[in-house]
>>> print(open('upload.pdb').read())   # PDB, C-alpha atoms, pLDDT in the B column
MODEL        1
ATOM      1  CA  MET A   1    -155.781-102.990  81.243  1.00 45.00           C
ATOM      2  CA  GLN A   2    -155.921-106.782  81.663  1.00 45.00           C
ATOM      3  CA  LYS A   3    -152.238-107.201  80.787  1.00 52.00           C
ATOM      4  CA  ALA A   4    -151.289-104.463  83.241  1.00 52.00           C
ATOM      5  CA  LEU A   5    -153.230-106.262  85.975  1.00 49.00           C
ATOM      6  CA  GLU A   6    -151.525-109.568  85.171  1.00 53.00           C
ATOM      7  CA  ARG A   7    -148.096-107.865  85.287  1.00 53.00           C
ATOM      8  CA  SER A   8    -148.945-106.422  88.702  1.00 53.00           C
ATOM      9  CA  ARG A   9    -150.024-109.826  90.013  1.00 61.00           C
ATOM     10  CA  THR A  10    -146.876-111.525  88.730  1.00 62.00           C
ATOM     11  CA  ALA A  11    -144.575-108.919  90.280  1.00 61.00           C
ATOM     12  CA  SER A  12    -146.481-109.118  93.580  1.00 61.00           C
ATOM     13  CA  ALA A  13    -146.249-112.907  93.685  1.00 59.00           C
ATOM     14  CA  LEU A  14    -142.504-112.843  93.004  1.00 63.00           C
ATOM     15  CA  SER A  15    -141.888-110.408  95.854  1.00 61.00           C
ATOM     16  CA  LYS A  16    -143.661-112.623  98.413  1.00 59.00           C
ATOM     17  CA  SER A  17    -141.320-115.602  98.075  1.00 59.00           C
ATOM     18  CA  ALA A  18    -137.876-116.045  99.608  1.00 59.00           C
ATOM     19  CA  VAL A  19    -136.783-118.119  96.595  1.00 69.00           C
ATOM     20  CA  ALA A  20    -134.484-116.264  94.189  1.00 81.00           C
ATOM     21  CA  ARG A  21    -136.536-114.489  91.551  1.00 87.00           C
ATOM     22  CA  TYR A  22    -134.755-116.062  88.605  1.00 88.00           C
ATOM     23  CA  LEU A  23    -135.643-119.522  90.005  1.00 84.00           C
ATOM     24  CA  GLN A  24    -139.269-118.485  90.452  1.00 85.00           C
ATOM     25  CA  LEU A  25    -139.313-117.196  86.893  1.00 90.00           C
ATOM     26  CA  SER A  26    -137.662-120.310  85.466  1.00 87.00           C
ATOM     27  CA  ALA A  27    -140.425-122.367  87.148  1.00 83.00           C
ATOM     28  CA  LEU A  28    -143.071-120.022  85.688  1.00 88.00           C
ATOM     29  CA  PHE A  29    -141.639-120.219  82.185  1.00 91.00           C
ATOM     30  CA  ARG A  30    -141.154-124.000  82.472  1.00 86.00           C
ATOM     31  CA  ARG A  31    -144.825-124.278  83.333  1.00 82.00           C
ATOM     32  CA  ARG A  32    -145.755-122.300  80.216  1.00 90.00           C
ATOM     33  CA  ILE A  33    -143.852-124.848  78.127  1.00 88.00           C
ATOM     34  CA  GLN A  34    -145.410-127.798  79.977  1.00 79.00           C
ATOM     35  CA  THR A  35    -148.946-126.544  79.419  1.00 81.00           C
ATOM     36  CA  GLY A  36    -148.368-125.624  75.785  1.00 86.00           C
ATOM     37  CA  GLU A  37    -148.854-121.907  76.377  1.00 92.00           C
ATOM     38  CA  TRP A  38    -145.448-121.649  74.748  1.00 93.00           C
ATOM     39  CA  PRO A  39    -145.689-124.373  72.044  1.00 92.00           C
ATOM     40  CA  VAL A  40    -142.717-126.324  70.714  1.00 92.00           C
ATOM     41  CA  ASP A  41    -140.915-124.443  67.912  1.00 92.00           C
ATOM     42  CA  SER A  42    -142.595-121.168  68.843  1.00 94.00           C
ATOM     43  CA  ARG A  43    -140.653-118.007  69.603  1.00 95.00           C
ATOM     44  CA  ILE A  44    -141.190-116.775  73.130  1.00 95.00           C
ATOM     45  CA  PRO A  45    -141.427-113.081  74.121  1.00 95.00           C
ATOM     46  CA  THR A  46    -138.202-111.068  74.178  1.00 95.00           C
ATOM     47  CA  VAL A  47    -136.175-110.496  77.324  1.00 95.00           C
ATOM     48  CA  GLU A  48    -137.417-106.913  77.438  1.00 95.00           C
ATOM     49  CA  GLU A  49    -141.058-107.996  77.109  1.00 94.00           C
ATOM     50  CA  LEU A  50    -140.706-110.611  79.840  1.00 95.00           C
ATOM     51  CA  ALA A  51    -138.904-108.175  82.126  1.00 94.00           C
ATOM     52  CA  LYS A  52    -141.720-105.673  81.713  1.00 93.00           C
ATOM     53  CA  GLU A  53    -144.367-108.358  82.298  1.00 91.00           C
ATOM     54  CA  CYS A  54    -142.707-109.667  85.465  1.00 91.00           C
ATOM     55  CA  GLY A  55    -141.447-106.375  86.851  1.00 91.00           C
ATOM     56  CA  VAL A  56    -137.810-107.460  87.063  1.00 93.00           C
ATOM     57  CA  ALA A  57    -134.477-106.504  85.497  1.00 94.00           C
ATOM     58  CA  ASN A  58    -133.434-107.888  82.123  1.00 95.00           C
ATOM     59  CA  MET A  59    -130.556-109.737  83.795  1.00 96.00           C
ATOM     60  CA  THR A  60    -133.006-111.673  85.995  1.00 95.00           C
ATOM     61  CA  ILE A  61    -134.904-112.836  82.906  1.00 95.00           C
ATOM     62  CA  ARG A  62    -131.657-113.895  81.250  1.00 94.00           C
ATOM     63  CA  GLN A  63    -130.740-115.944  84.329  1.00 94.00           C
ATOM     64  CA  ALA A  64    -134.147-117.653  84.297  1.00 93.00           C
ATOM     65  CA  LEU A  65    -133.868-118.449  80.598  1.00 94.00           C
ATOM     66  CA  SER A  66    -130.369-119.843  81.118  1.00 94.00           C
ATOM     67  CA  VAL A  67    -131.844-122.442  83.473  1.00 89.00           C
ATOM     68  CA  LEU A  68    -134.310-123.561  80.790  1.00 92.00           C
ATOM     69  CA  GLU A  69    -131.568-123.553  78.169  1.00 92.00           C
ATOM     70  CA  GLU A  70    -129.447-125.864  80.322  1.00 88.00           C
ATOM     71  CA  GLU A  71    -132.452-128.197  80.567  1.00 83.00           C
ATOM     72  CA  GLY A  72    -132.723-128.225  76.789  1.00 88.00           C
ATOM     73  CA  LEU A  73    -136.193-126.704  76.766  1.00 90.00           C
ATOM     74  CA  ILE A  74    -135.284-123.600  74.787  1.00 93.00           C
ATOM     75  CA  GLU A  75    -132.634-122.454  72.354  1.00 94.00           C
ATOM     76  CA  ARG A  76    -131.508-118.867  71.884  1.00 91.00           C
ATOM     77  CA  PHE A  77    -130.337-117.405  68.561  1.00 91.00           C
ATOM     78  CA  ARG A  78    -128.671-114.051  68.104  1.00 87.00           C
ATOM     79  CA  ALA A  79    -130.910-111.644  66.170  1.00 84.00           C
ATOM     80  CA  LYS A  80    -133.633-114.291  65.796  1.00 91.00           C
ATOM     81  CA  GLY A  81    -134.912-114.761  69.331  1.00 93.00           C
ATOM     82  CA  THR A  82    -135.537-117.627  71.732  1.00 95.00           C
ATOM     83  CA  PHE A  83    -137.446-120.744  70.633  1.00 96.00           C
ATOM     84  CA  VAL A  84    -139.053-123.644  72.510  1.00 95.00           C
ATOM     85  CA  ARG A  85    -137.297-126.868  71.566  1.00 91.00           C
ATOM     86  CA  LYS A  86    -139.221-129.466  73.570  1.00 76.00           C
ATOM     87  CA  ARG A  87    -141.786-129.868  76.301  1.00 67.00           C
ATOM     88  CA  LYS A  88    -140.661-131.090  79.677  1.00 57.00           C
ATOM     89  CA  ARG A  89    -141.683-134.699  80.266  1.00 56.00           C
ATOM     90  CA  ARG A  90    -144.898-135.035  82.222  1.00 51.00           C
ATOM     91  CA  ASP A  91    -144.946-138.813  82.621  1.00 48.00           C
ATOM     92  CA  LEU A  92    -146.799-139.810  85.761  1.00 44.00           C
ATOM     93  CA  TRP A  93    -144.090-142.183  86.810  1.00 51.00           C
ATOM     94  CA  CYS A  94    -145.441-142.913  90.256  1.00 59.00           C
ATOM     95  CA  ALA A  95    -149.036-142.999  91.421  1.00 60.00           C
ATOM     96  CA  VAL A  96    -149.191-142.497  95.200  1.00 63.00           C
ATOM     97  CA  GLN A  97    -151.562-145.255  96.263  1.00 62.00           C
ATOM     98  CA  THR A  98    -154.273-144.535  98.813  1.00 60.00           C
ATOM     99  CA  ASP A  99    -155.178-148.058  99.959  1.00 64.00           C
ATOM    100  CA  TRP A 100    -153.280-150.883 101.649  1.00 61.00           C
ATOM    101  CA  ASN A 101    -153.176-153.216  98.637  1.00 63.00           C
ATOM    102  CA  GLY A 102    -151.934-150.398  96.436  1.00 61.00           C
ATOM    103  CA  LEU A 103    -149.098-149.612  98.842  1.00 64.00           C
ATOM    104  CA  LEU A 104    -147.916-153.223  98.584  1.00 59.00           C
ATOM    105  CA  MET A 105    -147.622-153.014  94.810  1.00 61.00           C
ATOM    106  CA  SER A 106    -144.267-152.339  93.191  1.00 59.00           C
ATOM    107  CA  ARG A 107    -143.487-151.193  89.674  1.00 59.00           C
ATOM    108  CA  ASP A 108    -141.789-153.883  87.647  1.00 56.00           C
ATOM    109  CA  ASP A 109    -139.666-151.294  85.858  1.00 69.00           C
ATOM    110  CA  ALA A 110    -138.630-149.384  88.985  1.00 80.00           C
ATOM    111  CA  GLU A 111    -135.078-149.652  90.287  1.00 90.00           C
ATOM    112  CA  ILE A 112    -134.269-149.189  93.983  1.00 93.00           C
ATOM    113  CA  GLU A 113    -130.776-148.168  95.036  1.00 95.00           C
ATOM    114  CA  VAL A 114    -129.875-148.443  98.718  1.00 96.00           C
ATOM    115  CA  LEU A 115    -127.721-145.390  99.410  1.00 95.00           C
ATOM    116  CA  ASN A 116    -126.931-146.373 102.992  1.00 94.00           C
ATOM    117  CA  ALA A 117    -128.097-148.693 105.766  1.00 93.00           C
ATOM    118  CA  ASP A 118    -127.468-148.037 109.467  1.00 93.00           C
ATOM    119  CA  ASN A 119    -128.346-150.010 112.596  1.00 93.00           C
ATOM    120  CA  GLY A 120    -129.309-148.422 115.889  1.00 92.00           C
ATOM    121  CA  SER A 121    -131.136-145.467 114.370  1.00 92.00           C
ATOM    122  CA  MET A 122    -134.174-143.566 115.609  1.00 94.00           C
ATOM    123  CA  PRO A 123    -136.463-141.506 113.365  1.00 94.00           C
ATOM    124  CA  THR A 124    -136.873-137.848 114.252  1.00 92.00           C
ATOM    125  CA  ASP A 125    -139.925-137.361 112.026  1.00 91.00           C
ATOM    126  CA  PHE A 126    -142.781-139.759 112.772  1.00 92.00           C
ATOM    127  CA  PRO A 127    -146.572-139.671 113.389  1.00 91.00           C
ATOM    128  CA  ALA A 128    -146.631-139.970 117.189  1.00 90.00           C
ATOM    129  CA  GLU A 129    -150.408-140.353 117.247  1.00 92.00           C
ATOM    130  CA  VAL A 130    -150.255-143.580 115.219  1.00 93.00           C
ATOM    131  CA  GLY A 131    -148.251-145.771 117.609  1.00 94.00           C
ATOM    132  CA  GLU A 132    -145.257-146.060 119.929  1.00 96.00           C
ATOM    133  CA  LEU A 133    -141.659-146.072 118.775  1.00 97.00           C
ATOM    134  CA  ALA A 134    -139.743-149.335 118.904  1.00 96.00           C
ATOM    135  CA  ALA A 135    -136.499-149.507 120.878  1.00 96.00           C
ATOM    136  CA  SER A 136    -134.255-149.299 117.827  1.00 96.00           C
ATOM    137  CA  TYR A 137    -134.521-149.199 114.037  1.00 97.00           C
ATOM    138  CA  MET A 138    -132.565-150.059 110.934  1.00 96.00           C
ATOM    139  CA  HIS A 139    -132.418-146.946 108.735  1.00 97.00           C
ATOM    140  CA  LEU A 140    -132.375-147.336 104.960  1.00 96.00           C
ATOM    141  CA  ARG A 141    -131.980-144.407 102.593  1.00 96.00           C
ATOM    142  CA  ARG A 142    -133.181-145.463  99.153  1.00 96.00           C
ATOM    143  CA  LEU A 143    -133.376-143.796  95.754  1.00 95.00           C
ATOM    144  CA  HIS A 144    -136.056-145.030  93.335  1.00 93.00           C
ATOM    145  CA  ARG A 145    -135.543-144.655  89.576  1.00 90.00           C
ATOM    146  CA  ARG A 146    -137.330-145.465  86.358  1.00 85.00           C
ATOM    147  CA  GLU A 147    -135.419-145.562  83.085  1.00 80.00           C
ATOM    148  CA  GLY A 148    -132.505-143.993  84.918  1.00 84.00           C
ATOM    149  CA  GLU A 149    -134.528-141.023  86.215  1.00 84.00           C
ATOM    150  CA  ALA A 150    -134.916-140.620  89.986  1.00 90.00           C
ATOM    151  CA  PHE A 151    -138.475-140.002  91.176  1.00 90.00           C
ATOM    152  CA  LEU A 152    -138.426-140.880  94.902  1.00 92.00           C
ATOM    153  CA  LEU A 153    -135.986-140.417  97.773  1.00 95.00           C
ATOM    154  CA  ALA A 154    -137.023-142.401 100.853  1.00 95.00           C
ATOM    155  CA  ASP A 155    -135.817-142.818 104.417  1.00 96.00           C
ATOM    156  CA  VAL A 156    -137.160-146.124 105.725  1.00 97.00           C
ATOM    157  CA  TYR A 157    -136.978-147.143 109.389  1.00 97.00           C
ATOM    158  CA  ILE A 158    -137.623-150.802 110.272  1.00 97.00           C
ATOM    159  CA  ASP A 159    -137.849-152.139 113.833  1.00 97.00           C
ATOM    160  CA  GLU A 160    -134.582-154.070 114.269  1.00 96.00           C
ATOM    161  CA  ARG A 161    -136.475-157.046 115.730  1.00 95.00           C
ATOM    162  CA  ILE A 162    -138.392-157.298 112.468  1.00 96.00           C
ATOM    163  CA  CYS A 163    -135.475-156.329 110.260  1.00 94.00           C
ATOM    164  CA  ALA A 164    -133.539-159.384 111.451  1.00 93.00           C
ATOM    165  CA  LYS A 165    -136.130-161.555 109.672  1.00 95.00           C
ATOM    166  CA  ILE A 166    -135.892-159.744 106.320  1.00 95.00           C
ATOM    167  CA  ASP A 167    -133.690-160.947 103.471  1.00 94.00           C
ATOM    168  CA  ARG A 168    -131.191-158.126 102.867  1.00 93.00           C
ATOM    169  CA  ALA A 169    -131.685-158.515  99.123  1.00 94.00           C
ATOM    170  CA  ASP A 170    -135.266-157.322  99.612  1.00 94.00           C
ATOM    171  CA  PHE A 171    -133.984-153.888 100.640  1.00 95.00           C
ATOM    172  CA  GLY A 172    -133.311-153.183  96.973  1.00 93.00           C
ATOM    173  CA  ARG A 173    -136.426-154.740  95.428  1.00 89.00           C
ATOM    174  CA  LYS A 174    -139.496-154.306  97.652  1.00 91.00           C
ATOM    175  CA  THR A 175    -141.675-151.330  98.518  1.00 89.00           C
ATOM    176  CA  ALA A 176    -141.397-150.103 102.106  1.00 92.00           C
ATOM    177  CA  MET A 177    -144.757-151.503 103.204  1.00 91.00           C
ATOM    178  CA  ARG A 178    -144.108-154.854 101.545  1.00 92.00           C
ATOM    179  CA  LEU A 179    -140.853-155.164 103.465  1.00 94.00           C
ATOM    180  CA  ILE A 180    -142.856-155.533 106.659  1.00 94.00           C
ATOM    181  CA  ALA A 181    -146.016-157.116 105.236  1.00 92.00           C
ATOM    182  CA  ASP A 182    -144.078-160.127 103.892  1.00 93.00           C
ATOM    183  CA  VAL A 183    -142.340-160.988 107.177  1.00 95.00           C
ATOM    184  CA  PRO A 184    -143.664-164.314 108.564  1.00 93.00           C
ATOM    185  CA  GLY A 185    -145.267-163.990 112.008  1.00 93.00           C
ATOM    186  CA  VAL A 186    -145.552-160.184 111.823  1.00 94.00           C
ATOM    187  CA  LYS A 187    -149.089-158.814 111.674  1.00 95.00           C
ATOM    188  CA  VAL A 188    -149.750-155.211 110.673  1.00 95.00           C
ATOM    189  CA  VAL A 189    -152.798-154.039 112.648  1.00 95.00           C
ATOM    190  CA  ALA A 190    -152.884-150.392 111.515  1.00 94.00           C
ATOM    191  CA  ALA A 191    -151.291-148.211 108.867  1.00 93.00           C
ATOM    192  CA  ARG A 192    -151.307-144.498 108.115  1.00 92.00           C
ATOM    193  CA  GLN A 193    -150.248-142.353 105.158  1.00 91.00           C
ATOM    194  CA  ILE A 194    -149.841-138.559 105.278  1.00 92.00           C
ATOM    195  CA  LEU A 195    -149.133-136.438 102.195  1.00 92.00           C
ATOM    196  CA  THR A 196    -147.988-132.820 102.199  1.00 93.00           C
ATOM    197  CA  ILE A 197    -146.600-130.539  99.490  1.00 91.00           C
ATOM    198  CA  GLY A 198    -143.302-128.693  99.779  1.00 91.00           C
ATOM    199  CA  SER A 199    -140.377-127.491  97.685  1.00 88.00           C
ATOM    200  CA  ALA A 200    -136.986-128.938  96.838  1.00 87.00           C
ATOM    201  CA  ASP A 201    -134.073-127.889  99.040  1.00 88.00           C
ATOM    202  CA  PRO A 202    -130.460-128.159  97.772  1.00 85.00           C
ATOM    203  CA  GLU A 203    -130.042-131.831  98.768  1.00 89.00           C
ATOM    204  CA  ILE A 204    -133.373-132.920  97.253  1.00 91.00           C
ATOM    205  CA  SER A 205    -132.658-130.836  94.162  1.00 87.00           C
ATOM    206  CA  GLU A 206    -129.401-132.713  93.606  1.00 88.00           C
ATOM    207  CA  LEU A 207    -130.654-136.247  94.363  1.00 91.00           C
ATOM    208  CA  LEU A 208    -133.914-135.979  92.409  1.00 90.00           C
ATOM    209  CA  SER A 209    -132.448-133.797  89.632  1.00 84.00           C
ATOM    210  CA  VAL A 210    -135.053-131.054  89.966  1.00 82.00           C
ATOM    211  CA  PRO A 211    -134.552-127.287  90.082  1.00 75.00           C
ATOM    212  CA  LEU A 212    -134.153-125.735  93.518  1.00 75.00           C
ATOM    213  CA  GLY A 213    -137.555-124.715  94.853  1.00 78.00           C
ATOM    214  CA  ASP A 214    -139.544-127.011  92.535  1.00 81.00           C
ATOM    215  CA  PRO A 215    -142.618-128.676  94.089  1.00 86.00           C
ATOM    216  CA  VAL A 216    -142.196-132.057  95.761  1.00 92.00           C
ATOM    217  CA  ALA A 217    -144.609-134.351  97.599  1.00 92.00           C
ATOM    218  CA  TYR A 218    -143.685-135.492 101.105  1.00 94.00           C
ATOM    219  CA  VAL A 219    -145.338-138.822 101.910  1.00 93.00           C
ATOM    220  CA  GLN A 220    -145.042-140.309 105.386  1.00 95.00           C
ATOM    221  CA  ARG A 221    -146.150-143.894 106.003  1.00 93.00           C
ATOM    222  CA  ALA A 222    -146.256-145.868 109.223  1.00 95.00           C
ATOM    223  CA  ALA A 223    -147.248-149.465 109.966  1.00 95.00           C
ATOM    224  CA  VAL A 224    -148.213-150.557 113.500  1.00 96.00           C
ATOM    225  CA  VAL A 225    -147.727-154.150 114.606  1.00 96.00           C
ATOM    226  CA  GLU A 226    -149.537-156.162 117.297  1.00 95.00           C
ATOM    227  CA  ASP A 227    -147.586-154.824 120.297  1.00 95.00           C
ATOM    228  CA  GLY A 228    -148.623-151.261 119.406  1.00 96.00           C
ATOM    229  CA  THR A 229    -145.232-150.125 118.128  1.00 97.00           C
ATOM    230  CA  MET A 230    -144.526-148.732 114.685  1.00 97.00           C
ATOM    231  CA  GLY A 231    -142.700-151.577 112.993  1.00 96.00           C
ATOM    232  CA  LEU A 232    -141.990-149.406 109.977  1.00 96.00           C
ATOM    233  CA  ILE A 233    -141.821-145.669 109.300  1.00 97.00           C
ATOM    234  CA  ALA A 234    -141.129-144.437 105.780  1.00 96.00           C
ATOM    235  CA  ASN A 235    -140.568-140.796 104.863  1.00 96.00           C
ATOM    236  CA  GLY A 236    -140.603-140.374 101.099  1.00 94.00           C
ATOM    237  CA  ILE A 237    -140.027-137.350  98.867  1.00 95.00           C
ATOM    238  CA  TYR A 238    -141.474-137.562  95.336  1.00 92.00           C
ATOM    239  CA  ARG A 239    -140.746-135.326  92.373  1.00 89.00           C
ATOM    240  CA  GLY A 240    -143.766-133.126  91.938  1.00 84.00           C
ATOM    241  CA  ASP A 241    -143.793-133.521  88.154  1.00 78.00           C
ATOM    242  CA  MET A 242    -143.754-137.317  88.258  1.00 76.00           C
ATOM    243  CA  VAL A 243    -146.423-138.126  90.797  1.00 75.00           C
ATOM    244  CA  ARG A 244    -150.199-138.263  90.901  1.00 73.00           C
ATOM    245  CA  VAL A 245    -152.691-139.001  93.674  1.00 73.00           C
ATOM    246  CA  ASP A 246    -155.779-140.677  92.208  1.00 72.00           C
ATOM    247  CA  ILE A 247    -158.640-141.251  94.657  1.00 72.00           C
ATOM    248  CA  LYS A 248    -161.815-143.001  93.536  1.00 70.00           C
ATOM    249  CA  LEU A 249    -164.736-141.328  95.276  1.00 73.00           C
ATOM    250  CA  LEU A 250    -167.613-143.255  93.753  1.00 70.00           C
ATOM    251  CA  THR A 251    -167.812-146.478  91.777  1.00 60.00           C
TER     252      THR A 251
ENDMDL
END
>>> encode(input="upload.pdb", output="structure tokens")
Amino acid sequence: MQKALERSRTASALSKSAVARYLQLSALFRRRIQTGEWPVDSRIPTVEELAKECGVANMTIRQALSVLEEEGLIERFRAKGTFVRKRKRRDLWCAVQTDWNGLLMSRDDAEIEVLNADNGSMPTDFPAEVGELAASYMHLRRLHRREGEAFLLADVYIDERICAKIDRADFGRKTAMRLIADVPGVKVVAARQILTIGSADPEISELLSVPLGDPVAYVQRAAVVEDGTMGLIANGIYRGDMVRVDIKLLT
């Protein structure tokens, strides 16, 4: 009775999403490996058993398992079955800081690649309630990596008046907030951070090397300077499996 109820819930959940079912199922099965529900070296249920559990065709299960096989998480053997070969890495590679000092910190082992830099840009996504827009911004698109693995894609907008005072080499070595905090004569009077959860679209999937539809964290940061304008706006997208928000509520 309990298994029948679980099968019904799984099938219902799959039908409510616009994401292809095999991608939803690959995420579900990946999660089972991550949590140890399917331990390393164990044999997972057969295609027929999984199809019955999830209320889908055998071909859909095979497509989902092919995704995991390409990731090296499972290995399939004719007449023997499918076995878990490793657990997906769960390193918390980036802690999203929740205070000003934390946002100024940078990881010594993080690499920042500037994908492009354009003058005369204006952000289309910004927290209007925080401050006024400056007349013009420098737009940086940056990809953050650790040990060769991308964990953050960021679009950073810096007021061109302020950007003129920044060493261009800093674009590839400083956090977004530190870019503006370190500028002589510029005082940050207010700052805001907004975090929301979403899913990876095709572009994010490719740049962050995550499956389409996987969870990602959207983090928007804005720093207001003395004239009331937003001197910096940063829109970051973090891999959902490499990020953690840790908030101390009581000391």
>>> closest_atom_pairs(input="upload.pdb", of="stretch 137-171 of chain A", to="stretch 193-211 of chain A", cutoff="12 Å", atoms="only C-alpha atoms", output="tab-separated table")
residue	atom	partner	partner_atom	distance
A:Arg141	CA	A:Leu207	CA	11.7
A:Arg142	CA	A:Leu207	CA	10.7
A:Leu143	CA	A:Leu207	CA	8.1
A:His144	CA	A:Leu208	CA	9.3
A:Arg145	CA	A:Leu208	CA	9.3
A:Arg146	CA	A:Leu208	CA	11.8
A:Gly148	CA	A:Leu208	CA	11.1
A:Glu149	CA	A:Leu208	CA	8.0
A:Ala150	CA	A:Leu208	CA	5.3
A:Phe151	CA	A:Leu208	CA	6.2
A:Leu152	CA	A:Leu208	CA	7.1
A:Leu153	CA	A:Leu208	CA	7.3
A:Ala154	CA	A:Ile204	CA	10.8
>>> write_last_selection(input="upload.pdb", atoms="C-alpha atoms", output="short mmCIF file (atom, residue, chain, number, x, y, z; two decimals), in the coordinates of the input")
data_model
loop_
_atom_site.label_atom_id
_atom_site.label_comp_id
_atom_site.auth_asym_id
_atom_site.auth_seq_id
_atom_site.Cartn_x
_atom_site.Cartn_y
_atom_site.Cartn_z
CA ARG A 141 -131.98 -144.41 102.59
CA ARG A 142 -133.18 -145.46 99.15
CA LEU A 143 -133.38 -143.80 95.75
CA HIS A 144 -136.06 -145.03 93.34
CA ARG A 145 -135.54 -144.66 89.58
CA ARG A 146 -137.33 -145.46 86.36
CA GLY A 148 -132.50 -143.99 84.92
CA GLU A 149 -134.53 -141.02 86.22
CA ALA A 150 -134.92 -140.62 89.99
CA PHE A 151 -138.48 -140.00 91.18
CA LEU A 152 -138.43 -140.88 94.90
CA LEU A 153 -135.99 -140.42 97.77
CA ALA A 154 -137.02 -142.40 100.85
#
>>> residues_around(input="upload.pdb", residues="A:Val40", least_positions_apart="6", cutoff="12 Å", atoms="only C-alpha atoms", output="ChimeraX atom specification")
/A:32-34,72-75,82-88
>>> atom_distance(input="upload.pdb", atom1="atom CA of A:Gly172", atom2="atom CA of A:Asn116")
11.1 Å
>>> resolve_selection(input="upload.pdb", expression="the PyMOL selection byres ((chain A and resi 156-169) around 8)", output="ChimeraX atom specification")
/A:119-123,134-142,154-155,170-173,176,179-180,183,186,230-235
>>> residues_near_point(input="upload.pdb", point="(-148.3, -141.6, 116.3)", cutoff="12 Å", atoms="only C-alpha atoms", output="ChimeraX atom specification")
/A:125-134,190-194,220-224,228-233
>>> residues_around(input="upload.pdb", residues="A:Phe29", least_positions_apart="3", cutoff="9 Å", atoms="all atoms listed in the file", output="list in words")
Gln24, Leu25, Ser26, Arg32, Ile33, Gln34, Trp38, Ala64, Leu65 and Leu68 of chain A
>>> resolve_selection(input="upload.pdb", expression="the PyMOL selection byres ((chain A and resi 81) around 9)", output="number ranges by chain")
A: 43-46, 75-80, 82-83
>>> residues_around(input="upload.pdb", residues="A:Gln63", least_positions_apart="2", cutoff="12 Å", atoms="all atoms listed in the file", output="PyMOL selection string")
chain A and resi 20-27+29+47+51+56-61+65-70
>>> closest_residue(input="upload.pdb", among="A:Ile112, A:Leu212, A:Val243, A:Arg30", to="A:Glu71", atoms="all atoms listed in the file")
A:Arg30
>>> closest_residue(input="upload.pdb", among="A:Leu50, A:Gly240, A:Lys174, A:Val188", to="A:Glu111", atoms="only C-alpha atoms")
A:Lys174
>>> atom_distance(input="upload.pdb", atom1="atom CA of A:Tyr238", atom2="atom CA of A:Tyr218")
6.5 Å
>>> atom_distance(input="upload.pdb", atom1="atom CA of A:Arg239", atom2="atom CA of A:Val219")
11.1 Å
